[in-house]
$ cat structure-v8.pdb   # PDB, C-alpha atoms, pLDDT in the B column
ATOM      1  CA  MET A   1       0.000   0.000   0.000  1.00 49.00           C
ATOM      2  CA  GLN A   2       1.178   3.494  -0.872  1.00 51.00           C
ATOM      3  CA  THR A   3       2.013   5.673   2.106  1.00 47.00           C
ATOM      4  CA  LYS A   4       3.622   8.760   0.560  1.00 56.00           C
ATOM      5  CA  LEU A   5       1.564  11.922   0.369  1.00 71.00           C
ATOM      6  CA  ILE A   6      -0.490  12.380  -2.782  1.00 85.00           C
ATOM      7  CA  SER A   7      -1.112  15.930  -3.899  1.00 90.00           C
ATOM      8  CA  ILE A   8      -4.560  16.889  -5.212  1.00 94.00           C
ATOM      9  CA  GLU A   9      -2.807  18.984  -7.868  1.00 93.00           C
ATOM     10  CA  HIS A  10      -1.523  15.792  -9.522  1.00 95.00           C
ATOM     11  CA  ILE A  11      -5.020  14.337  -9.939  1.00 97.00           C
ATOM     12  CA  GLU A  12      -7.021  15.202 -13.068  1.00 98.00           C
ATOM     13  CA  ALA A  13     -10.209  13.261 -12.277  1.00 98.00           C
ATOM     14  CA  PHE A  14     -11.817  10.893  -9.795  1.00 98.00           C
ATOM     15  CA  ILE A  15     -13.725   7.738 -10.731  1.00 98.00           C
ATOM     16  CA  PHE A  16     -15.960   6.037  -8.167  1.00 98.00           C
ATOM     17  CA  ASP A  17     -17.692   2.715  -8.336  1.00 97.00           C
ATOM     18  CA  PHE A  18     -21.178   2.993  -6.863  1.00 96.00           C
ATOM     19  CA  ASP A  19     -22.211  -0.209  -5.087  1.00 95.00           C
ATOM     20  CA  GLY A  20     -19.780  -0.985  -2.295  1.00 95.00           C
ATOM     21  CA  VAL A  21     -18.012   2.384  -2.496  1.00 97.00           C
ATOM     22  CA  LEU A  22     -20.706   5.046  -2.297  1.00 97.00           C
ATOM     23  CA  THR A  23     -23.071   2.460  -0.751  1.00 95.00           C
ATOM     24  CA  ASN A  24     -22.609  -0.286   1.809  1.00 94.00           C
ATOM     25  CA  ASP A  25     -23.237  -2.834  -0.985  1.00 90.00           C
ATOM     26  CA  PHE A  26     -26.688  -3.716   0.349  1.00 89.00           C
ATOM     27  CA  VAL A  27     -29.793  -3.324  -1.770  1.00 87.00           C
ATOM     28  CA  HIS A  28     -33.260  -3.092  -0.278  1.00 88.00           C
ATOM     29  CA  VAL A  29     -36.105  -4.341  -2.456  1.00 89.00           C
ATOM     30  CA  ASN A  30     -39.721  -3.652  -1.497  1.00 90.00           C
ATOM     31  CA  GLN A  31     -42.751  -5.748  -2.393  1.00 94.00           C
ATOM     32  CA  ASP A  32     -43.184  -3.777  -5.632  1.00 91.00           C
ATOM     33  CA  GLY A  33     -39.613  -4.539  -6.738  1.00 87.00           C
ATOM     34  CA  ASN A  34     -38.343  -1.006  -6.135  1.00 86.00           C
ATOM     35  CA  GLU A  35     -34.736  -0.838  -5.024  1.00 84.00           C
ATOM     36  CA  SER A  36     -33.116   1.514  -2.553  1.00 85.00           C
ATOM     37  CA  VAL A  37     -29.612   1.802  -1.148  1.00 89.00           C
ATOM     38  CA  SER A  38     -27.889   3.665   1.663  1.00 89.00           C
ATOM     39  CA  CYS A  39     -25.355   6.389   0.965  1.00 89.00           C
ATOM     40  CA  HIS A  40     -23.413   8.422   3.509  1.00 91.00           C
ATOM     41  CA  ARG A  41     -24.279  12.127   3.608  1.00 92.00           C
ATOM     42  CA  SER A  42     -20.718  13.172   4.417  1.00 91.00           C
ATOM     43  CA  ASP A  43     -19.698  12.055   0.944  1.00 95.00           C
ATOM     44  CA  GLY A  44     -21.993  14.758  -0.437  1.00 94.00           C
ATOM     45  CA  LEU A  45     -19.867  17.422   1.214  1.00 95.00           C
ATOM     46  CA  ALA A  46     -16.761  15.756  -0.198  1.00 97.00           C
ATOM     47  CA  PHE A  47     -18.179  16.053  -3.721  1.00 97.00           C
ATOM     48  CA  ASP A  48     -18.840  19.740  -3.033  1.00 96.00           C
ATOM     49  CA  VAL A  49     -15.143  20.095  -2.209  1.00 97.00           C
ATOM     50  CA  LEU A  50     -14.150  18.376  -5.455  1.00 97.00           C
ATOM     51  CA  LYS A  51     -16.316  20.860  -7.355  1.00 96.00           C
ATOM     52  CA  LYS A  52     -14.688  23.823  -5.584  1.00 96.00           C
ATOM     53  CA  LEU A  53     -11.301  22.373  -6.512  1.00 96.00           C
ATOM     54  CA  ASN A  54     -12.419  21.934 -10.145  1.00 97.00           C
ATOM     55  CA  LYS A  55     -11.749  18.210 -10.015  1.00 98.00           C
ATOM     56  CA  PRO A  56     -14.174  16.207 -12.171  1.00 98.00           C
ATOM     57  CA  ALA A  57     -15.750  13.146 -10.589  1.00 98.00           C
ATOM     58  CA  PHE A  58     -17.624  10.296 -12.234  1.00 98.00           C
ATOM     59  CA  ILE A  59     -19.576   7.270 -11.102  1.00 98.00           C
ATOM     60  CA  LEU A  60     -18.711   4.224 -13.195  1.00 98.00           C
ATOM     61  CA  SER A  61     -21.191   1.405 -12.601  1.00 96.00           C
ATOM     62  CA  THR A  62     -21.851  -2.010 -14.046  1.00 94.00           C
ATOM     63  CA  GLU A  63     -25.484  -1.608 -13.026  1.00 89.00           C
ATOM     64  CA  THR A  64     -28.037   0.482 -14.845  1.00 92.00           C
ATOM     65  CA  ASN A  65     -30.249   1.763 -12.081  1.00 90.00           C
ATOM     66  CA  SER A  66     -32.273   4.876 -11.383  1.00 90.00           C
ATOM     67  CA  VAL A  67     -30.823   4.914  -7.854  1.00 91.00           C
ATOM     68  CA  VAL A  68     -27.385   5.593  -9.366  1.00 93.00           C
ATOM     69  CA  SER A  69     -28.819   8.305 -11.615  1.00 94.00           C
ATOM     70  CA  LYS A  70     -30.634  10.020  -8.749  1.00 94.00           C
ATOM     71  CA  ARG A  71     -27.579  10.002  -6.489  1.00 94.00           C
ATOM     72  CA  ALA A  72     -25.305  11.271  -9.261  1.00 95.00           C
ATOM     73  CA  SER A  73     -27.799  14.037 -10.022  1.00 95.00           C
ATOM     74  CA  LYS A  74     -27.947  15.067  -6.383  1.00 94.00           C
ATOM     75  CA  LEU A  75     -24.132  15.083  -6.203  1.00 95.00           C
ATOM     76  CA  LYS A  76     -24.008  17.003  -9.510  1.00 95.00           C
ATOM     77  CA  ILE A  77     -21.611  14.528 -11.100  1.00 96.00           C
ATOM     78  CA  ASP A  78     -21.807  12.388 -14.224  1.00 96.00           C
ATOM     79  CA  SER A  79     -22.629   8.710 -14.059  1.00 97.00           C
ATOM     80  CA  ILE A  80     -21.723   6.128 -16.638  1.00 97.00           C
ATOM     81  CA  GLN A  81     -23.889   3.053 -16.187  1.00 97.00           C
ATOM     82  CA  GLY A  82     -24.387  -0.363 -17.711  1.00 96.00           C
ATOM     83  CA  VAL A  83     -20.645  -0.767 -18.198  1.00 96.00           C
ATOM     84  CA  LYS A  84     -19.555  -4.315 -18.962  1.00 96.00           C
ATOM     85  CA  ASP A  85     -15.829  -3.524 -19.248  1.00 98.00           C
ATOM     86  CA  LYS A  86     -14.791  -0.735 -16.880  1.00 98.00           C
ATOM     87  CA  ALA A  87     -11.204  -0.646 -18.146  1.00 98.00           C
ATOM     88  CA  LEU A  88     -12.361  -0.053 -21.714  1.00 98.00           C
ATOM     89  CA  GLU A  89     -14.867   2.590 -20.602  1.00 97.00           C
ATOM     90  CA  LEU A  90     -12.181   4.290 -18.521  1.00 98.00           C
ATOM     91  CA  LYS A  91      -9.876   4.454 -21.549  1.00 98.00           C
ATOM     92  CA  LYS A  92     -12.688   5.998 -23.619  1.00 98.00           C
ATOM     93  CA  LEU A  93     -13.369   8.570 -20.883  1.00 98.00           C
ATOM     94  CA  ALA A  94      -9.672   9.446 -20.684  1.00 98.00           C
ATOM     95  CA  ILE A  95      -9.427   9.917 -24.456  1.00 98.00           C
ATOM     96  CA  LYS A  96     -12.636  11.951 -24.651  1.00 97.00           C
ATOM     97  CA  ASN A  97     -11.556  14.306 -21.846  1.00 97.00           C
ATOM     98  CA  GLN A  98      -7.821  14.196 -22.563  1.00 98.00           C
ATOM     99  CA  TYR A  99      -7.013  12.760 -19.129  1.00 98.00           C
ATOM    100  CA  ASP A 100      -3.722  11.060 -18.437  1.00 98.00           C
ATOM    101  CA  LEU A 101      -4.570   7.640 -16.927  1.00 98.00           C
ATOM    102  CA  ASN A 102      -1.621   8.081 -14.567  1.00 97.00           C
ATOM    103  CA  ARG A 103      -3.404  11.122 -13.121  1.00 97.00           C
ATOM    104  CA  ILE A 104      -6.783   9.480 -12.557  1.00 98.00           C
ATOM    105  CA  PHE A 105      -7.799   8.381  -9.063  1.00 98.00           C
ATOM    106  CA  TYR A 106     -10.040   5.293  -9.106  1.00 98.00           C
ATOM    107  CA  VAL A 107     -11.957   4.020  -6.079  1.00 98.00           C
ATOM    108  CA  GLY A 108     -13.435   0.548  -6.395  1.00 98.00           C
ATOM    109  CA  ASN A 109     -14.277  -2.428  -4.248  1.00 98.00           C
ATOM    110  CA  ASP A 110     -14.972  -5.523  -6.311  1.00 97.00           C
ATOM    111  CA  LEU A 111     -13.580  -7.670  -9.102  1.00 98.00           C
ATOM    112  CA  ASN A 112     -15.290  -5.686 -11.858  1.00 97.00           C
ATOM    113  CA  ASP A 113     -13.062  -2.742 -10.838  1.00 98.00           C
ATOM    114  CA  TYR A 114      -9.808  -4.714 -10.952  1.00 98.00           C
ATOM    115  CA  ASN A 115      -8.581  -3.974 -14.502  1.00 98.00           C
ATOM    116  CA  ALA A 116      -9.688  -0.336 -14.389  1.00 98.00           C
ATOM    117  CA  MET A 117      -7.881   0.221 -11.097  1.00 98.00           C
ATOM    118  CA  LYS A 118      -4.674  -1.227 -12.545  1.00 97.00           C
ATOM    119  CA  LEU A 119      -4.789   1.348 -15.370  1.00 97.00           C
ATOM    120  CA  CYS A 120      -4.892   4.351 -13.038  1.00 97.00           C
ATOM    121  CA  GLY A 121      -2.005   6.097 -11.387  1.00 96.00           C
ATOM    122  CA  TYR A 122      -3.924   6.350  -8.130  1.00 97.00           C
ATOM    123  CA  SER A 123      -6.350   3.911  -6.557  1.00 98.00           C
ATOM    124  CA  ALA A 124      -8.054   3.259  -3.255  1.00 98.00           C
ATOM    125  CA  CYS A 125     -10.607   0.868  -1.866  1.00 98.00           C
ATOM    126  CA  PRO A 126     -12.847   0.600   1.191  1.00 98.00           C
ATOM    127  CA  SER A 127     -11.664  -1.710   3.969  1.00 98.00           C
ATOM    128  CA  ASP A 128     -14.359  -4.301   3.181  1.00 97.00           C
ATOM    129  CA  SER A 129     -13.340  -4.708  -0.466  1.00 98.00           C
ATOM    130  CA  HIS A 130     -12.621  -8.013  -2.187  1.00 98.00           C
ATOM    131  CA  LYS A 131      -9.162  -9.368  -1.320  1.00 98.00           C
ATOM    132  CA  GLU A 132      -7.949  -9.025  -4.937  1.00 98.00           C
ATOM    133  CA  ILE A 133      -8.963  -5.347  -4.959  1.00 98.00           C
ATOM    134  CA  ILE A 134      -7.177  -4.754  -1.669  1.00 98.00           C
ATOM    135  CA  ALA A 135      -4.072  -6.351  -3.216  1.00 97.00           C
ATOM    136  CA  VAL A 136      -4.112  -4.131  -6.333  1.00 97.00           C
ATOM    137  CA  SER A 137      -5.198  -0.920  -4.606  1.00 97.00           C
ATOM    138  CA  LYS A 138      -2.533   1.627  -3.728  1.00 96.00           C
ATOM    139  CA  ILE A 139      -4.471   2.838  -0.673  1.00 97.00           C
ATOM    140  CA  LEU A 140      -6.598   0.814   1.710  1.00 97.00           C
ATOM    141  CA  LEU A 141      -9.094   3.129   3.377  1.00 98.00           C
ATOM    142  CA  LYS A 142     -10.232   2.589   6.965  1.00 97.00           C
ATOM    143  CA  LYS A 143     -13.907   3.086   6.152  1.00 97.00           C
ATOM    144  CA  LYS A 144     -16.162   0.391   4.787  1.00 97.00           C
ATOM    145  CA  GLY A 145     -18.135   1.086   1.634  1.00 97.00           C
ATOM    146  CA  GLY A 146     -21.033   3.473   2.125  1.00 95.00           C
ATOM    147  CA  THR A 147     -19.694   4.931   5.367  1.00 97.00           C
ATOM    148  CA  GLY A 148     -18.006   8.095   4.091  1.00 97.00           C
ATOM    149  CA  VAL A 149     -15.278   6.697   1.846  1.00 97.00           C
ATOM    150  CA  VAL A 150     -14.995   9.843  -0.301  1.00 98.00           C
ATOM    151  CA  ARG A 151     -14.803  12.057   2.764  1.00 97.00           C
ATOM    152  CA  GLU A 152     -12.017   9.929   4.247  1.00 97.00           C
ATOM    153  CA  LEU A 153     -10.129   9.947   0.960  1.00 97.00           C
ATOM    154  CA  LEU A 154     -10.189  13.734   0.685  1.00 97.00           C
ATOM    155  CA  GLU A 155      -9.685  14.673   4.333  1.00 95.00           C
ATOM    156  CA  ASP A 156      -7.418  11.930   5.639  1.00 95.00           C
ATOM    157  CA  VAL A 157      -5.490  10.748   2.587  1.00 95.00           C
ATOM    158  CA  LEU A 158      -5.264  13.902   0.473  1.00 96.00           C
ATOM    159  CA  ASN A 159      -5.259  16.170   3.553  1.00 94.00           C
ATOM    160  CA  ILE A 160      -7.801  18.612   2.167  1.00 95.00           C
ATOM    161  CA  ASN A 161      -9.109  21.145   4.666  1.00 95.00           C
ATOM    162  CA  PHE A 162     -12.881  21.270   4.058  1.00 95.00           C
ATOM    163  CA  LEU A 163     -13.334  24.420   6.166  1.00 93.00           C
ATOM    164  CA  LYS A 164     -10.735  26.285   4.144  1.00 94.00           C
ATOM    165  CA  ILE A 165     -12.118  25.122   0.769  1.00 93.00           C
ATOM    166  CA  LEU A 166     -15.827  25.479   1.475  1.00 90.00           C
ATOM    167  CA  TYR A 167     -16.097  28.349   3.919  1.00 89.00           C
ATOM    168  CA  SER A 168     -13.116  30.650   3.579  1.00 79.00           C
ATOM    169  CA  GLU A 169     -13.705  34.052   2.050  1.00 62.00           C
TER
END
$ encode --input "structure-v8.pdb" --output "structure tokens"
Amino acid sequence: MQTKLISIEHIEAFIFDFDGVLTNDFVHVNQDGNESVSCHRSDGLAFDVLKKLNKPAFILSTETNSVVSKRASKLKIDSIQGVKDKALELKKLAIKNQYDLNRIFYVGNDLNDYNAMKLCGYSACPSDSHKEIIAVSKILLKKKGGTGVVRELLEDVLNINFLKILYSE
């Protein structure tokens, strides 16, 4: 696992898996078949910080689900859904936006993130990620998926001062 300090200035974009990163990987299904998930509100503030820092963020999800769309809309970030091959989609995103893959920070938790994470210069995963993802990830976060992973990444790993970014004059 990487321990040296990473500077936010070196990162061009952030990519987040949804289920298991922004959620706790549980899905609740009611009697009508409607799904819901749990997301941590503190991550919302973290996405506000990314916006203030002009750092693009994307959700990259294998699922196609209105829950992902609604959360992305609320966070004011783009979501790319129904992705069968995340590595290929990541390459397309990098080409389209002229991102250097070595300057992309990817946060994933499960095997469908493996190849995409290996392409990126920076990667992290929640503490409850699959063992193969933990092995390939450069940073193992303390938080479990859905418990404020993005907040921990920005505040504790990248050492971003939320008060200074969000509330200074």
$ resolve_selection --input "structure-v8.pdb" --expression "the PyMOL selection byres ((chain A and resi 88-92) around 10)" --output "short mmCIF file (atom, residue, chain, number, x, y, z; two decimals) with C-alpha atoms, in the frame of the given file"
data_model
loop_
_atom_site.label_atom_id
_atom_site.label_comp_id
_atom_site.auth_asym_id
_atom_site.auth_seq_id
_atom_site.Cartn_x
_atom_site.Cartn_y
_atom_site.Cartn_z
CA ILE A 15 -13.72 7.74 -10.73
CA LEU A 60 -18.71 4.22 -13.20
CA ILE A 80 -21.72 6.13 -16.64
CA VAL A 83 -20.64 -0.77 -18.20
CA LYS A 84 -19.56 -4.32 -18.96
CA ASP A 85 -15.83 -3.52 -19.25
CA LYS A 86 -14.79 -0.74 -16.88
CA ALA A 87 -11.20 -0.65 -18.15
CA LEU A 93 -13.37 8.57 -20.88
CA ALA A 94 -9.67 9.45 -20.68
CA ILE A 95 -9.43 9.92 -24.46
CA LYS A 96 -12.64 11.95 -24.65
CA ASN A 97 -11.56 14.31 -21.85
CA GLN A 98 -7.82 14.20 -22.56
CA TYR A 99 -7.01 12.76 -19.13
CA ASP A 100 -3.72 11.06 -18.44
CA LEU A 101 -4.57 7.64 -16.93
CA ILE A 104 -6.78 9.48 -12.56
CA TYR A 106 -10.04 5.29 -9.11
CA ASN A 115 -8.58 -3.97 -14.50
CA ALA A 116 -9.69 -0.34 -14.39
CA MET A 117 -7.88 0.22 -11.10
CA LEU A 119 -4.79 1.35 -15.37
CA CYS A 120 -4.89 4.35 -13.04
#
$ resolve_selection --input "structure-v8.pdb" --expression "the PyMOL selection byres ((chain A and resi 74) around 12)" --output "mmCIF file with C-alpha atoms, keeping the file's coordinate frame"
data_model
loop_
_atom_site.group_PDB
_atom_site.id
_atom_site.type_symbol
_atom_site.label_atom_id
_atom_site.label_comp_id
_atom_site.auth_asym_id
_atom_site.auth_seq_id
_atom_site.Cartn_x
_atom_site.Cartn_y
_atom_site.Cartn_z
ATOM 1 C CA CYS A 39 -25.355 6.389 0.965
ATOM 2 C CA ARG A 41 -24.279 12.127 3.608
ATOM 3 C CA ASP A 43 -19.698 12.055 0.944
ATOM 4 C CA GLY A 44 -21.993 14.758 -0.437
ATOM 5 C CA LEU A 45 -19.867 17.422 1.214
ATOM 6 C CA PHE A 47 -18.179 16.053 -3.721
ATOM 7 C CA ASP A 48 -18.840 19.740 -3.033
ATOM 8 C CA VAL A 67 -30.823 4.914 -7.854
ATOM 9 C CA VAL A 68 -27.385 5.593 -9.366
ATOM 10 C CA SER A 69 -28.819 8.305 -11.615
ATOM 11 C CA LYS A 70 -30.634 10.020 -8.749
ATOM 12 C CA ARG A 71 -27.579 10.002 -6.489
ATOM 13 C CA ALA A 72 -25.305 11.271 -9.261
ATOM 14 C CA SER A 73 -27.799 14.037 -10.022
ATOM 15 C CA LEU A 75 -24.132 15.083 -6.203
ATOM 16 C CA LYS A 76 -24.008 17.003 -9.510
ATOM 17 C CA ILE A 77 -21.611 14.528 -11.100
ATOM 18 C CA ASP A 78 -21.807 12.388 -14.224
ATOM 19 C CA SER A 79 -22.629 8.710 -14.059
#
$ resolve_selection --input "structure-v8.pdb" --expression "the PyMOL selection byres ((chain A and resi 152) around 10)" --output "MDAnalysis selection string"
chainID A and resid 42:43 46 126 141:143 147:151 153:160
$ axis_aligned_box --input "structure-v8.pdb" --around "segment 32-44 of chain A" --padding-each-side "8 Å" --output "JSON"
{"center_x": -31.4, "center_y": 5.1, "center_z": -1.2, "size_x": 39.5, "size_y": 35.3, "size_z": 27.2}
$ atom_distance --input "structure-v8.pdb" --atom1 "atom CA of Gly33 of chain A" --atom2 "atom CA of Gly146 of chain A"
22.1 Å
$ residues_around --input "structure-v8.pdb" --residues "Leu140 of chain A" --least-positions-apart "3" --cutoff "8 Å" --atoms "all atoms listed in the file" --output "list in words"
Met1, Ala124, Cys125, Pro126, Ser127, Ile134 and Ser137 of chain A
$ residues_around --input "structure-v8.pdb" --residues "Ala13 of chain A" --least-positions-apart "5" --cutoff "6 Å" --atoms "all atoms listed in the file" --output "PyMOL selection string"
chain A and resi 55-57+104
$ atom_distance --input "structure-v8.pdb" --atom1 "atom CA of Glu63 of chain A" --atom2 "atom CA of Tyr114 of chain A"
16.1 Å
$ closest_residue --input "structure-v8.pdb" --among "A:Asp113, A:Asp19, A:Glu12, A:Asp25" --to "Ile133 of chain A" --atoms "only C-alpha atoms"
A:Asp113
$ closest_residue --input "structure-v8.pdb" --among "A:Ser61, A:Asp110, A:Tyr122, A:Thr23" --to "Ile11 of chain A" --atoms "all atoms listed in the file"
A:Tyr122
$ residues_near_point --input "structure-v8.pdb" --point "(-15.0, 22.5, -1.0)" --cutoff "9 Å" --atoms "only C-alpha atoms" --output "MDAnalysis selection string"
chainID A and resid 45:53 160:167
$ atom_distance --input "structure-v8.pdb" --atom1 "atom CA of Arg103 of chain A" --atom2 "atom CA of Thr62 of chain A"
22.7 Å
$ closest_residue --input "structure-v8.pdb" --among "A:Ser168, A:Gln81, A:Asn65, A:Ser123" --to "Val27 of chain A" --atoms "all atoms listed in the file"
A:Asn65
$ build_atoms --input "structure-v8.pdb" --residues "segment 18-29 of chain A" --atoms "N, CA, C and O atoms" --output "PDB file, in the frame of the given file"
ATOM      1  N   PHE A  18     -20.027   2.616  -7.685  1.00 96.00           N
ATOM      2  CA  PHE A  18     -21.178   2.993  -6.863  1.00 96.00           C
ATOM      3  C   PHE A  18     -21.412   1.983  -5.733  1.00 96.00           C
ATOM      4  O   PHE A  18     -21.157   2.289  -4.573  1.00 96.00           O
ATOM      5  N   ASP A  19     -21.892   0.805  -6.106  1.00 95.00           N
ATOM      6  CA  ASP A  19     -22.211  -0.209  -5.087  1.00 95.00           C
ATOM      7  C   ASP A  19     -20.942  -0.684  -4.390  1.00 95.00           C
ATOM      8  O   ASP A  19     -19.990  -1.119  -5.027  1.00 95.00           O
ATOM      9  N   GLY A  20     -20.923  -0.552  -3.080  1.00 95.00           N
ATOM     10  CA  GLY A  20     -19.780  -0.985  -2.295  1.00 95.00           C
ATOM     11  C   GLY A  20     -18.746   0.096  -2.045  1.00 95.00           C
ATOM     12  O   GLY A  20     -17.835  -0.092  -1.251  1.00 95.00           O
ATOM     13  N   VAL A  21     -18.886   1.233  -2.738  1.00 97.00           N
ATOM     14  CA  VAL A  21     -18.012   2.384  -2.496  1.00 97.00           C
ATOM     15  C   VAL A  21     -18.854   3.531  -1.955  1.00 97.00           C
ATOM     16  O   VAL A  21     -18.666   3.986  -0.831  1.00 97.00           O
ATOM     17  N   LEU A  22     -19.803   3.988  -2.765  1.00 97.00           N
ATOM     18  CA  LEU A  22     -20.706   5.046  -2.297  1.00 97.00           C
ATOM     19  C   LEU A  22     -21.878   4.472  -1.509  1.00 97.00           C
ATOM     20  O   LEU A  22     -22.619   5.222  -0.872  1.00 97.00           O
ATOM     21  N   THR A  23     -22.049   3.144  -1.558  1.00 95.00           N
ATOM     22  CA  THR A  23     -23.071   2.460  -0.751  1.00 95.00           C
ATOM     23  C   THR A  23     -22.390   1.382   0.074  1.00 95.00           C
ATOM     24  O   THR A  23     -21.223   1.046  -0.151  1.00 95.00           O
ATOM     25  N   ASN A  24     -23.154   0.801   0.996  1.00 94.00           N
ATOM     26  CA  ASN A  24     -22.609  -0.286   1.809  1.00 94.00           C
ATOM     27  C   ASN A  24     -22.755  -1.645   1.124  1.00 94.00           C
ATOM     28  O   ASN A  24     -22.539  -2.676   1.737  1.00 94.00           O
ATOM     29  N   ASP A  25     -23.111  -1.640  -0.144  1.00 90.00           N
ATOM     30  CA  ASP A  25     -23.237  -2.834  -0.985  1.00 90.00           C
ATOM     31  C   ASP A  25     -24.516  -3.629  -0.703  1.00 90.00           C
ATOM     32  O   ASP A  25     -24.690  -4.719  -1.227  1.00 90.00           O
ATOM     33  N   PHE A  26     -25.388  -3.088   0.118  1.00 89.00           N
ATOM     34  CA  PHE A  26     -26.688  -3.716   0.349  1.00 89.00           C
ATOM     35  C   PHE A  26     -27.710  -3.082  -0.589  1.00 89.00           C
ATOM     36  O   PHE A  26     -27.614  -1.903  -0.910  1.00 89.00           O
ATOM     37  N   VAL A  27     -28.670  -3.851  -1.009  1.00 87.00           N
ATOM     38  CA  VAL A  27     -29.793  -3.324  -1.770  1.00 87.00           C
ATOM     39  C   VAL A  27     -31.065  -3.751  -1.050  1.00 87.00           C
ATOM     40  O   VAL A  27     -31.181  -4.884  -0.600  1.00 87.00           O
ATOM     41  N   HIS A  28     -31.977  -2.815  -0.908  1.00 88.00           N
ATOM     42  CA  HIS A  28     -33.260  -3.092  -0.278  1.00 88.00           C
ATOM     43  C   HIS A  28     -34.309  -3.122  -1.381  1.00 88.00           C
ATOM     44  O   HIS A  28     -34.387  -2.190  -2.190  1.00 88.00           O
ATOM     45  N   VAL A  29     -35.077  -4.187  -1.432  1.00 89.00           N
ATOM     46  CA  VAL A  29     -36.105  -4.341  -2.456  1.00 89.00           C
ATOM     47  C   VAL A  29     -37.447  -4.454  -1.749  1.00 89.00           C
ATOM     48  O   VAL A  29     -37.633  -5.307  -0.880  1.00 89.00           O
TER      49      VAL A  29
END
